[in-house]
2 protein chains.
Amino acid sequence: MTFINKLKAAWTKNNSLLCVGLDPDLDKLPKHLKELPHPFFEFNKAIIDATGDLVCAFKPQFAFYAAYGAEKELEDTINYIRDKYPNVVIILDSKRGDVGSTASMYAVEAFDRYNADAVTINPYFGLDSMAPFLDRADKGVIILCRTTNPGAGEIQDLKVGNQKLYQVIAERAATVWNYNNNIALVVGATHLPELRDVRTIIGDMPFLIPGIGAQGAEVEATVKNGADSTGAGMIISASRSIIYAGDGPDFAQAAAAEARKLKDEINQYRKLNTAAKHE
Amino acid sequence: MTFINKLKAAWTKNNSLLCVGLDPDLDKLPKHLKELPHPFFEFNKAIIDATGDLVCAFKPQFAFYAAYGAEKELEDTINYIRDKYPNVVIILDSKRGDVGSTASMYAVEAFDRYNADAVTINPYFGLDSMAPFLDRADKGVIILCRTTNPGAGEIQDLKVGNQKLYQVIAERAATVWNYNNNIALVVGATHLPELRDVRTIIGDMPFLIPGIGAQGAEVEATVKNGADSTGAGMIISASRSIIYAGDGPDFAQAAAAEARKLKDEINQYRKLNTAAKHE
C-alpha cells in the first residue's frame with residue numbers, strides 16, 4: 001500500500017489525525033525505566049501500547065536516538081509498531097538532505113534499514129537530490145516548508161519575487177516534485193497564517209504539523225487553517241506534552257489520557273469546520 | 001584548540017589543503033575486505049594510515065554508515081584518526097538541521113558521541129536552530145551554501161532582492177552567525193563563479209569544497225577562485241577518486257598515490273596564485 005493510502009486508512013480506522021512523537025530523552029524518562037538495559041525501547045513500547053489506537057502515526061525523532069547511540073532501540077521501536085499496529089503510519093523524523101549519490105544512501109537508511117513508511121527531508125538541495133526519496137513511490141517524503149522555530153522566517157520568509165521562500169517550496173512540491181503523489185509538507189502549527197496560505201497552494205496534499213502541545217499552538221486555529229477539503233489532510237504531531245504527561249509508574253496511562261484529549265479536541269473542531277463549510 | 005586554529009595548524013603541518021572523504025560503499029570495497037567482520041573500519045584504517053600525512057582533514061560521510069547500521073565502525077574510525085593523527089581535522093558530514101531542542105541533540109551526537117571537530121549543517125531553519133552548534137565555540141560548524149549537485153540552483157539560486165539565496169546565506173554567515181568565529185561554508189568546486197563570488201562575500205572564512213575528483217571539477221580554477229588572502233582558506237575534499245583509486249590488495253597505496261598527486265596539484269596552483277597576487 002502506498003504511504004498516502006496507508007495514511008488515509010489510518011485517519012479513518014482510528015478516527016484520528018494525531019501523531020505521537022517518540023522522542024525519548026534520558027533526562028525525562030520515568031525513574032524506574034532509566035535503570036533498564038533498553039530504557040528508550042521500554043518507554044516507547046509502553047507509550048505505543050497505550051496510544052496505538054488513538055493515533056494515525058508515530059514519529060520517532062532520529063536525533064534523540066543518535067545522541068545516545070540508541071539506533072538498535074530505534075529499530076526495535078519501529079519493528080514493534082509494525083507488528084502491533086500495522087495500520088499506523090511510521091514517520092522517521094530525520095530531516096535528511098544531501099547530493100544524489102549520498103541521498104540514495106539515506107533513502108536506504110530510512111526505508112530499508114529502519115523500514116519507515118515516510119521520512120522528513122530538507123529541500124535546500126533541490127529536486128535532483130530529493131529524487132532518491134521521491135522515486136520510492138510506495139514511501140512518503142515529508143518536505144520541510146515552514147518550520148516551528150521562532151526564527152524560521154529568517155530564511156523561509158525571504159522574499160523571492162512576489163512570494164516567500166516557503167511558498168516557493170510549497171508550490172514546487174505541489175506542481176513539480178510530486179510526480180509519485182507521495183509528498184507531504186511540514187508546516188508548524190505555530191505559524192497559522194502560513195498554514196492557511198500553504199493549504200491554498202497545495203490543495204489536498206497532507207501536512208505534517210508539529211508545534212501543538214509543548215510548543216503551544218492552539219488546536220482550533222490549527223484545524224481551521226490546516227484541514228483539507230475533506231476535514232482531514234493533517235498529521236498533527238505532539239511529543240513532549242503527551243509522552244511526558246506523567247513521570248511515575250503510570251506514565252503510559254497519563255500519556256494515553258493526554259493523547260485521547262488532544263485527539264478528541266482535534267475531532268471536535270474538524271466537525272465544526274466541516275459543518276461550517278457545508279452551511 | 002579551536003576548530004579554526006586546528007585547521008590552520010593542519011594546513012601548515014602537512015602542507016596540504018586536501019581532505020579525504022571516508023565514504024565506504026560495500027559494493028566498492030576491495031574483495032578481500034568484504035568478508036571481514038568490520039569491513040568499513042578495516043578499509044578506513046588502511047586509507048587513514050596511507051594518507052594521514054597528506055591531508056588537513058578526514059570527512060566521514062554519515063549516510064554510508066547509517067545505511068548499513070555501521071555506527072560503531074564510524075565511532076571506531078574517528079577514534080582511530082584521533083589517536084594516530086591528532087593534528088588532522090575530523091569533519092562529520094551529516095548535514096544536520098532541526099529546531100533548537102532537537103538541534104541540541106544533534107550537537108551532542110556530532111561533538112560528544114562521535115567527538116568530531118566539525119559537522120556540516122543545513123541553514124534552512126535559520127540561526128536559532130543553528131545556535132546549539134554555533135554555541136560550541138571550540139567546534140566547527142560547516143554550513144551548506146552552494147552544493148555540488150547539478151540541480152543546486154533550483155533553490156539556492158532563487159533571487160532574493162538583488163542577491164541569490166546562496167549569497168544571502170554567505171552574507172549572514174559572515175556577518176550575523178559567526179559570533180564564535182567557528183563557521184566554514186560548503187561551496188562545490190563544480191560551481192566556480194559562485195565560489196569566487198562567495199569568497200568576495202566572506203573574506204577569509206574557510207571553505208569546505210567538495211566536487212573535485214569523481215565530480216570532475218578542475219583543480220586550477222578551484223584554487224584560483226577559492227583561495228583566501230593567504231593562499232589557503234580551503235578544505236578541498238575528494239572521496240571516490242581517492243579511496244577507490246585501486247580495488248586490489250594495494251588499494252591503500254593507490255589511494256595514497258592519488259592523494260599525493262591531488263595535494264601536489266593543489267599546492268602547485270596555490271604557488272602560482274600567490275605569485276600572481278604579489279606581482
# chains A, B, ... in the order shown; residues from 1 in each chain; ligands from 1
>>> interface_residues(of="chain A", to="chain B", cutoff="7 Å", atoms="only C-alpha atoms", output="PyMOL selection string")
chain A and resi 63-64+66-67+95+97+99+102+105-106+108-109+113+124-128+147+149+151-152+154-156+158-160
>>> residues_around(residues="Gln268 (chain A)", least_positions_apart="5", cutoff="10 Å", atoms="only C-alpha atoms", output="MDAnalysis selection string")
chainID A and resid 219:220 223 262:263 273
>>> write_last_selection(atoms="N, CA, C and O atoms", output="CSV table (one decimal), in the first residue's frame")
chain,number,residue,atom,x,y,z
A,219,VAL,N,-5.3,24.4,19.1
A,219,VAL,CA,-5.8,23.3,18.3
A,219,VAL,C,-6.9,23.8,17.3
A,219,VAL,O,-6.9,23.5,16.1
A,220,GLU,N,-7.8,24.6,17.8
A,220,GLU,CA,-8.9,25.1,17.0
A,220,GLU,C,-8.4,25.8,15.7
A,220,GLU,O,-8.8,25.5,14.6
A,223,VAL,N,-6.7,23.4,13.2
A,223,VAL,CA,-7.6,22.6,12.4
A,223,VAL,C,-8.3,23.5,11.4
A,223,VAL,O,-8.4,23.1,10.2
A,262,LEU,N,-6.4,15.3,23.2
A,262,LEU,CA,-6.0,16.0,22.0
A,262,LEU,C,-6.6,15.5,20.8
A,262,LEU,O,-7.1,16.3,19.9
A,263,LYS,N,-6.7,14.2,20.6
A,263,LYS,CA,-7.4,13.6,19.5
A,263,LYS,C,-8.9,14.1,19.5
A,263,LYS,O,-9.4,14.5,18.4
A,273,ASN,N,-15.7,22.6,11.7
A,273,ASN,CA,-15.1,23.1,10.5
A,273,ASN,C,-15.9,22.6,9.3
A,273,ASN,O,-16.2,23.3,8.4
>>> atom_distance(atom1="CA of Ala174 (chain B)", atom2="CA of Thr230 (chain B)")
18.0 Å
>>> atom_distance(atom1="CA of Ala238 (chain A)", atom2="CA of Val20 (chain A)")
5.4 Å
>>> residues_around(residues="Trp177 (chain A)", least_positions_apart="6", cutoff="9 Å", atoms="only C-alpha atoms", output="list of chain:residue names")
A:Leu127, A:Met130, A:Ala131, A:Leu134, A:Ile183
>>> residues_around(residues="Ile90 (chain A)", least_positions_apart="6", cutoff="7 Å", atoms="only C-alpha atoms", output="list of chain:residue names")
A:Ala57, A:Phe58, A:Lys59, A:Ala116, A:Asp117, A:Ala118
>>> atom_distance(atom1="CA of Lys28 (chain B)", atom2="CA of Ile243 (chain B)")
9.6 Å
>>> select_by_dssp(residues="region 11-232 of chain B", states="helix (DSSP H, G or I)", output="ChimeraX atom specification")
/B:11-13,31-34,39-51,62-68,71-84,100-113,123-125,127-134,153-156,165-177,192-202,213-215,219-226
>>> closest_residue(among="A:Ala259, A:Ile81, A:Ala254, A:Val198", to="Thr51 (chain A)", atoms="only C-alpha atoms")
A:Ala259
>>> select_by_dssp(residues="region 129-180 of chain B", states="strand (DSSP E or B)", output="list of chain:residue names")
B:Gly140, B:Val141, B:Ile142, B:Ile143, B:Leu144, B:Cys145, B:Arg146, B:Lys159, B:Val160, B:Gln163, B:Lys164
>>> write_last_selection(atoms="all heavy atoms", output="short mmCIF file (atom, residue, chain, number, x, y, z; two decimals), in the first residue's frame")
data_model
loop_
_atom_site.label_atom_id
_atom_site.label_comp_id
_atom_site.auth_asym_id
_atom_site.auth_seq_id
_atom_site.Cartn_x
_atom_site.Cartn_y
_atom_site.Cartn_z
N GLY B 140 33.77 23.26 14.99
CA GLY B 140 33.50 23.88 13.71
C GLY B 140 32.09 23.58 13.21
O GLY B 140 31.58 22.48 13.40
N VAL B 141 31.47 24.58 12.57
CA VAL B 141 30.13 24.43 12.04
C VAL B 141 30.20 24.78 10.56
O VAL B 141 30.47 25.93 10.19
CB VAL B 141 29.14 25.34 12.78
CG1 VAL B 141 27.72 25.11 12.27
CG2 VAL B 141 29.21 25.10 14.29
N ILE B 142 29.99 23.79 9.72
CA ILE B 142 30.21 23.98 8.28
C ILE B 142 28.85 24.01 7.61
O ILE B 142 28.16 23.00 7.52
CB ILE B 142 31.11 22.85 7.73
CG1 ILE B 142 32.41 22.79 8.56
CG2 ILE B 142 31.39 23.09 6.26
CD1 ILE B 142 33.38 21.71 8.12
N ILE B 143 28.45 25.20 7.17
CA ILE B 143 27.09 25.45 6.71
C ILE B 143 27.00 25.33 5.19
O ILE B 143 27.82 25.88 4.46
CB ILE B 143 26.64 26.85 7.17
CG1 ILE B 143 26.69 26.94 8.72
CG2 ILE B 143 25.25 27.18 6.65
CD1 ILE B 143 26.40 28.33 9.28
N LEU B 144 25.96 24.62 4.73
CA LEU B 144 25.73 24.50 3.29
C LEU B 144 25.46 25.86 2.69
O LEU B 144 24.63 26.62 3.19
CB LEU B 144 24.50 23.62 3.02
CG LEU B 144 24.59 22.17 3.47
CD1 LEU B 144 23.24 21.47 3.18
CD2 LEU B 144 25.72 21.46 2.76
N CYS B 145 26.12 26.15 1.58
CA CYS B 145 25.89 27.42 0.90
C CYS B 145 25.49 27.12 -0.55
O CYS B 145 24.33 27.25 -0.92
CB CYS B 145 27.15 28.28 1.00
SG CYS B 145 27.02 29.88 0.22
N ARG B 146 26.44 26.63 -1.37
CA ARG B 146 26.12 26.29 -2.77
C ARG B 146 26.63 24.86 -2.98
O ARG B 146 27.84 24.65 -3.06
CB ARG B 146 26.79 27.29 -3.70
CG ARG B 146 26.40 27.19 -5.18
CD ARG B 146 24.91 27.45 -5.38
NE ARG B 146 24.55 27.72 -6.77
CZ ARG B 146 24.50 26.81 -7.74
NH1 ARG B 146 24.79 25.55 -7.50
NH2 ARG B 146 24.14 27.17 -8.97
N LYS B 159 16.24 34.23 -6.67
CA LYS B 159 16.60 35.64 -6.47
C LYS B 159 15.88 36.23 -5.25
O LYS B 159 14.64 36.21 -5.17
CB LYS B 159 16.22 36.46 -7.72
CG LYS B 159 17.18 36.30 -8.89
CD LYS B 159 18.59 36.82 -8.61
CE LYS B 159 18.71 38.33 -8.54
NZ LYS B 159 18.66 39.01 -9.83
N VAL B 160 16.65 36.71 -4.31
CA VAL B 160 16.14 37.39 -3.12
C VAL B 160 16.61 38.83 -3.22
O VAL B 160 17.77 39.13 -2.95
CB VAL B 160 16.70 36.72 -1.84
CG1 VAL B 160 16.18 37.46 -0.60
CG2 VAL B 160 16.34 35.24 -1.78
N GLN B 163 20.14 39.68 -4.65
CA GLN B 163 21.06 38.56 -4.41
C GLN B 163 20.40 37.23 -4.76
O GLN B 163 19.19 37.15 -4.92
CB GLN B 163 21.46 38.54 -2.93
CG GLN B 163 22.32 39.70 -2.50
CD GLN B 163 22.66 39.59 -1.03
OE1 GLN B 163 21.77 39.58 -0.18
NE2 GLN B 163 23.94 39.48 -0.71
N LYS B 164 21.24 36.20 -4.84
CA LYS B 164 20.71 34.84 -4.89
C LYS B 164 20.70 34.29 -3.47
O LYS B 164 21.45 34.77 -2.61
CB LYS B 164 21.56 33.99 -5.82
CG LYS B 164 21.43 34.44 -7.27
CD LYS B 164 22.27 33.60 -8.20
CE LYS B 164 22.04 34.04 -9.65
NZ LYS B 164 22.97 33.37 -10.57
#
>>> residues_around(residues="Ala10 (chain A)", least_positions_apart="4", cutoff="12 Å", atoms="only C-alpha atoms", output="NGL selection string")
:A and (1 or 3-6 or 14-19 or 52-58 or 85-90 or 232-235)
